[in-house]
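Below is one structure, written out as structure tokens, with a few remarks after it.
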Amino acid sequence: MYRYRHGAFGLVSDLALPDLVSDAVVPADPADFDAGAVRLRLRPVPQTLSDPDKTGLLWQVAGDEVLFSLGEAGRYLVRGGQSIEVAPGPDHDSHPDRLLNWLYGSVFAAVLLQRGLMPLHVASLRTAAGLLAITGPSGAGKSTMAGALLSRGHALLADDLLQIDDVAGLMRPESGTAVTGWPGVPRLRLSDEAIAAFGLGHGNWVPVEGRNKSGALLPLGGEGRPDRAPGPLAALVELAAASDAEAPARLERLTGLDAIRAIHGALYRPGLSQALLGVVGLRAFTFNLTARLPVWRLTRPLGFDRIDAGINALAPLLGRQG
């Protein structure tokens, strides 16, 4: 068995998870660790749930069970935030990344939601001002901006999924606790052009499959231990492209509906989140997080030759390191 402390939860797995090598632990009391950890087992998984309460394109929910049927990647059954059953697909031996990519993303998201945490679909880095979360639609440049900030000395906590603690507290408007972010899988997907542009070619990059992008993956556990500590979430930044390639980069504070839309856009699989938290619960979380977390929009020209303009505009949110 393999044991990991992944962000806010422990994990005991039948399957070696190479991207979580920096999360591997050897507990002094394995039985005590195992009692509170999520258990991942390789075993047969049903093709469908009987009488599901809610369904999405690739998932079904019935009571405390969430089933993901992902074609050739395999099937996954999450139970009560306590266990994950994995049935690898027929092409697992030739394409192991497919199984792991879904596990690290949607499957972990379901585990988090069932354990009282919220997954955000953001790139997140540690700055002198706190954790900075970067959101935007697919292709907005979240990973590219994360790579640029990584090359400038900011530690990467997540490129895809950031864990937010105390969802129950964030459903109560009177709660005044800080918003805590926990690191996701310590890896970053960038194009070859971005790797070269940011001077990151010294990293241990390996080719991987990716949707709508040819990319490479940096297991950030390479030399030295990656940043795995939680921290206070200081700001959320929504990325937008400038309509004029010569326009200056602009950072503006969002309020009201614009801020709420940005927070909602940062939710990881919002349909699944709504199925597990309920409409009222998800709205309460979104509204209260918006009230507690500064939300900004960075509008900047695209292109590696203009990345400095976006970084400079972000400087007020980066603290002394920017």
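Chain labels run A, B, ... following the order of the structure tokens; each chain numbers its residues from 1, and ligands are numbered from 1 in the order shown.
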
Spatial neighbours of Leu20 (chain A), max dist 12 Å, only C-alpha atoms, sep filter under 2 positions, as number ranges by chain: A: 2-7, 10-13, 15-18, 22-25, 100, 103-104, 183-187, 219-222, 225-226, 228

Per residue of region 83-159 of chain A within 12 Å of region 47-50 of chain A, note the shortest atom pair and the distance in Å to one decimal, counting only C-alpha atoms, and order the rows by chain and increasing residue number, as CSV.
```
residue,atom,partner,partner_atom,distance
A:Val86,CA,A:Gln47,CA,11.9
A:Ala87,CA,A:Gln47,CA,10.2
A:Gly89,CA,A:Gln47,CA,11.9
```

A:Glu65, A:Glu72, A:Asp91, A:Asp227 ranked by distance to Leu131 (chain A), top pick (using only C-alpha atoms):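 The answer is A:Asp227, which sits nearest to Leu131 (chain A).
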
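Each of A:Ala73, A:Ile311, A:Asp160, A:Arg79 was compared to Asp93 (chain A) using only C-alpha atoms, and A:Ala73 turns out to be the nearest.
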
Using backbone DSSP assignments, extract all strand (DSSP E) residues from region 42-257 of chain A; output them as a PDB file with C-alpha atoms, in the first residue's frame.
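Saved as result.pdb:
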```
ATOM      1  CA  LEU A  42      -8.433  -1.365  -7.563  1.00  0.00           C
ATOM      2  CA  LYS A  54     -28.766  13.219 -10.240  1.00  0.00           C
ATOM      3  CA  THR A  55     -26.784  12.703 -13.416  1.00  0.00           C
ATOM      4  CA  TRP A  59     -21.191  11.153 -13.607  1.00  0.00           C
ATOM      5  CA  GLN A  60     -24.107   9.857 -11.542  1.00  0.00           C
ATOM      6  CA  VAL A  61     -24.987  10.520  -7.903  1.00  0.00           C
ATOM      7  CA  ALA A  62     -27.036   8.174  -5.722  1.00  0.00           C
ATOM      8  CA  GLU A  65     -22.087   7.420  -4.029  1.00  0.00           C
ATOM      9  CA  VAL A  66     -20.650   9.193  -7.074  1.00  0.00           C
ATOM     10  CA  LEU A  67     -19.885   7.147 -10.181  1.00  0.00           C
ATOM     11  CA  PHE A  68     -17.663   8.411 -12.995  1.00  0.00           C
ATOM     12  CA  SER A  69     -17.833   6.491 -16.283  1.00  0.00           C
ATOM     13  CA  GLY A  74     -11.921   3.680 -16.708  1.00  0.00           C
ATOM     14  CA  ARG A  75     -14.626   3.916 -14.055  1.00  0.00           C
ATOM     15  CA  TYR A  76     -14.436   5.331 -10.527  1.00  0.00           C
ATOM     16  CA  LEU A  77     -16.816   4.983  -7.593  1.00  0.00           C
ATOM     17  CA  VAL A  78     -16.519   7.457  -4.702  1.00  0.00           C
ATOM     18  CA  ARG A  79     -18.332   6.571  -1.481  1.00  0.00           C
ATOM     19  CA  SER A  83     -13.259   5.429  -0.426  1.00  0.00           C
ATOM     20  CA  ILE A  84     -12.452   5.413  -4.141  1.00  0.00           C
ATOM     21  CA  GLU A  85     -12.858   2.244  -6.191  1.00  0.00           C
ATOM     22  CA  VAL A  86     -11.032   2.282  -9.515  1.00  0.00           C
ATOM     23  CA  ALA A  87     -11.538   0.007 -12.521  1.00  0.00           C
ATOM     24  CA  PRO A  88      -8.870   0.952 -15.100  1.00  0.00           C
ATOM     25  CA  MET A 118     -14.489  22.832  -2.058  1.00  0.00           C
ATOM     26  CA  PRO A 119     -12.412  22.248  -5.203  1.00  0.00           C
ATOM     27  CA  LEU A 120     -11.625  25.370  -7.207  1.00  0.00           C
ATOM     28  CA  ALA A 123      -3.917  27.906 -10.833  1.00  0.00           C
ATOM     29  CA  SER A 124      -2.614  29.003  -7.451  1.00  0.00           C
ATOM     30  CA  LEU A 125       0.722  30.369  -6.294  1.00  0.00           C
ATOM     31  CA  ARG A 126       2.134  31.557  -3.012  1.00  0.00           C
ATOM     32  CA  THR A 127       3.068  35.220  -2.958  1.00  0.00           C
ATOM     33  CA  GLY A 130      -0.804  35.196   0.476  1.00  0.00           C
ATOM     34  CA  LEU A 131      -2.188  32.639  -1.965  1.00  0.00           C
ATOM     35  CA  LEU A 132      -3.197  34.005  -5.358  1.00  0.00           C
ATOM     36  CA  ALA A 133      -5.800  32.009  -7.328  1.00  0.00           C
ATOM     37  CA  ILE A 134      -5.997  32.539 -11.103  1.00  0.00           C
ATOM     38  CA  THR A 135      -9.195  31.628 -12.934  1.00  0.00           C
ATOM     39  CA  ALA A 155       5.840  28.713  -5.488  1.00  0.00           C
ATOM     40  CA  LEU A 156       3.116  26.796  -7.325  1.00  0.00           C
ATOM     41  CA  LEU A 157       0.442  25.142  -5.169  1.00  0.00           C
ATOM     42  CA  ALA A 158      -1.954  24.038  -7.909  1.00  0.00           C
ATOM     43  CA  LEU A 162      -7.033  24.045  -5.255  1.00  0.00           C
ATOM     44  CA  GLN A 163      -8.662  22.692  -2.094  1.00  0.00           C
ATOM     45  CA  ILE A 164     -10.675  25.198  -0.041  1.00  0.00           C
ATOM     46  CA  THR A 180      -7.611  28.546   3.662  1.00  0.00           C
ATOM     47  CA  GLY A 181      -6.267  26.976   0.484  1.00  0.00           C
ATOM     48  CA  TRP A 182      -4.570  23.572   0.337  1.00  0.00           C
ATOM     49  CA  ARG A 187       2.635  19.570 -11.526  1.00  0.00           C
ATOM     50  CA  LEU A 188       2.244  22.114 -14.291  1.00  0.00           C
ATOM     51  CA  ARG A 189       1.257  21.708 -17.930  1.00  0.00           C
ATOM     52  CA  LEU A 190       2.815  24.126 -20.400  1.00  0.00           C
ATOM     53  CA  VAL A 206       7.957  14.924 -19.937  1.00  0.00           C
ATOM     54  CA  PRO A 207       5.420  14.782 -22.799  1.00  0.00           C
ATOM     55  CA  VAL A 208       1.816  14.097 -21.789  1.00  0.00           C
ATOM     56  CA  GLY A 215       2.022  20.189 -23.636  1.00  0.00           C
ATOM     57  CA  ALA A 216       4.563  18.915 -21.226  1.00  0.00           C
ATOM     58  CA  LEU A 217       4.375  18.156 -17.572  1.00  0.00           C
ATOM     59  CA  LEU A 218       6.719  19.263 -14.818  1.00  0.00           C
ATOM     60  CA  PRO A 219       6.540  17.041 -11.751  1.00  0.00           C
ATOM     61  CA  GLY A 231      -2.138  29.183   3.405  1.00  0.00           C
ATOM     62  CA  PRO A 232      -4.646  32.032   3.461  1.00  0.00           C
ATOM     63  CA  LEU A 233      -6.266  32.776   0.132  1.00  0.00           C
ATOM     64  CA  ALA A 234      -5.585  36.460  -0.521  1.00  0.00           C
ATOM     65  CA  ALA A 235      -7.227  37.120  -3.897  1.00  0.00           C
ATOM     66  CA  LEU A 236      -8.871  35.581  -6.966  1.00  0.00           C
ATOM     67  CA  VAL A 237      -7.908  36.963 -10.379  1.00  0.00           C
ATOM     68  CA  GLU A 238     -10.010  36.337 -13.481  1.00  0.00           C
ATOM     69  CA  LEU A 239      -8.008  36.467 -16.710  1.00  0.00           C
ATOM     70  CA  ALA A 240      -9.336  38.260 -19.785  1.00  0.00           C
ATOM     71  CA  ALA A 241      -7.741  38.998 -23.151  1.00  0.00           C
ATOM     72  CA  ARG A 250      -5.266  46.566 -16.622  1.00  0.00           C
ATOM     73  CA  LEU A 251      -6.142  45.211 -13.166  1.00  0.00           C
ATOM     74  CA  GLU A 252      -9.605  46.110 -11.861  1.00  0.00           C
ATOM     75  CA  ARG A 253     -11.491  45.128  -8.716  1.00  0.00           C
ATOM     76  CA  LEU A 254     -14.747  43.273  -9.354  1.00  0.00           C
TER      77      LEU A 254
END
```

Residue contacts of Arg261 (chain A) (12 Å, only C-alpha atoms) excluding same-chain residues fewer than 6 positions away, as a PyMOL selection string: chain A and resi 135-137+236+238+254-255+267+283+286-287+289-290+295-297

CA of Gly116 (chain A) to CA of Asp165 (chain A), straight-line distance in Å: 7.4 Å

Residue with smallest distance to Leu70 (chain A) - pool A:Leu257, A:Ala35, A:Ile195, A:Val45, counting only C-alpha atoms: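 Among the listed residues, the smallest separation from Leu70 (chain A) belongs to A:Val45.
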
Shell of 12 Å around Leu282 (chain A), only C-alpha atoms, local chain residues under 6 positions omitted, as a list in words: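 The residues satisfying every condition are Leu113, Leu117, Met118, Val167, Ala168, Leu170, Met171, Arg172, Ile260, Ile263, His264, Leu267, Tyr268, Arg269, Pro270, Gly271, Leu272, Ser273, Gln274, Ala275, Leu276, Asn288 and Leu289 of chain A.
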
Pick from A:Leu112, A:Val279, A:Leu314, A:Leu149, whichever lies nearest to Arg300 (chain A) using only C-alpha atoms: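 Distance minimum relative to Arg300 (chain A) lands on A:Leu314.
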
Straight-line distance linking CA of Phe108 (chain A) with CA of Phe9 (chain A), stated in Å to one decimal: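 Separating CA of Phe108 (chain A) from CA of Phe9 (chain A) is a distance of 10.3 Å.
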
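Using only C-alpha atoms, the nearest neighbour of Gln114 (chain A) within the list A:Pro230, A:Gly256, A:Gly81, A:Gly303 is A:Gly81.
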
Pairwise distance for CA of Leu161 (chain A) and CA of Val122 (chain A), rounded to one decimal in Å: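 Taking CA of Leu161 (chain A) and CA of Val122 (chain A), their separation equals 5.9 Å.
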
Residue nearest Ala266 (chain A) among A:Trp102, A:Pro27, A:Ala8, A:Lys142 (counting only C-alpha atoms):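 For Ala266 (chain A), the nearest of the given residues is A:Lys142.
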
Which of region 80-175 of chain A fall in helix (DSSP H, G or I), as a VMD selection string: chain A and resid 96 to 114 142 to 151 167 to 170
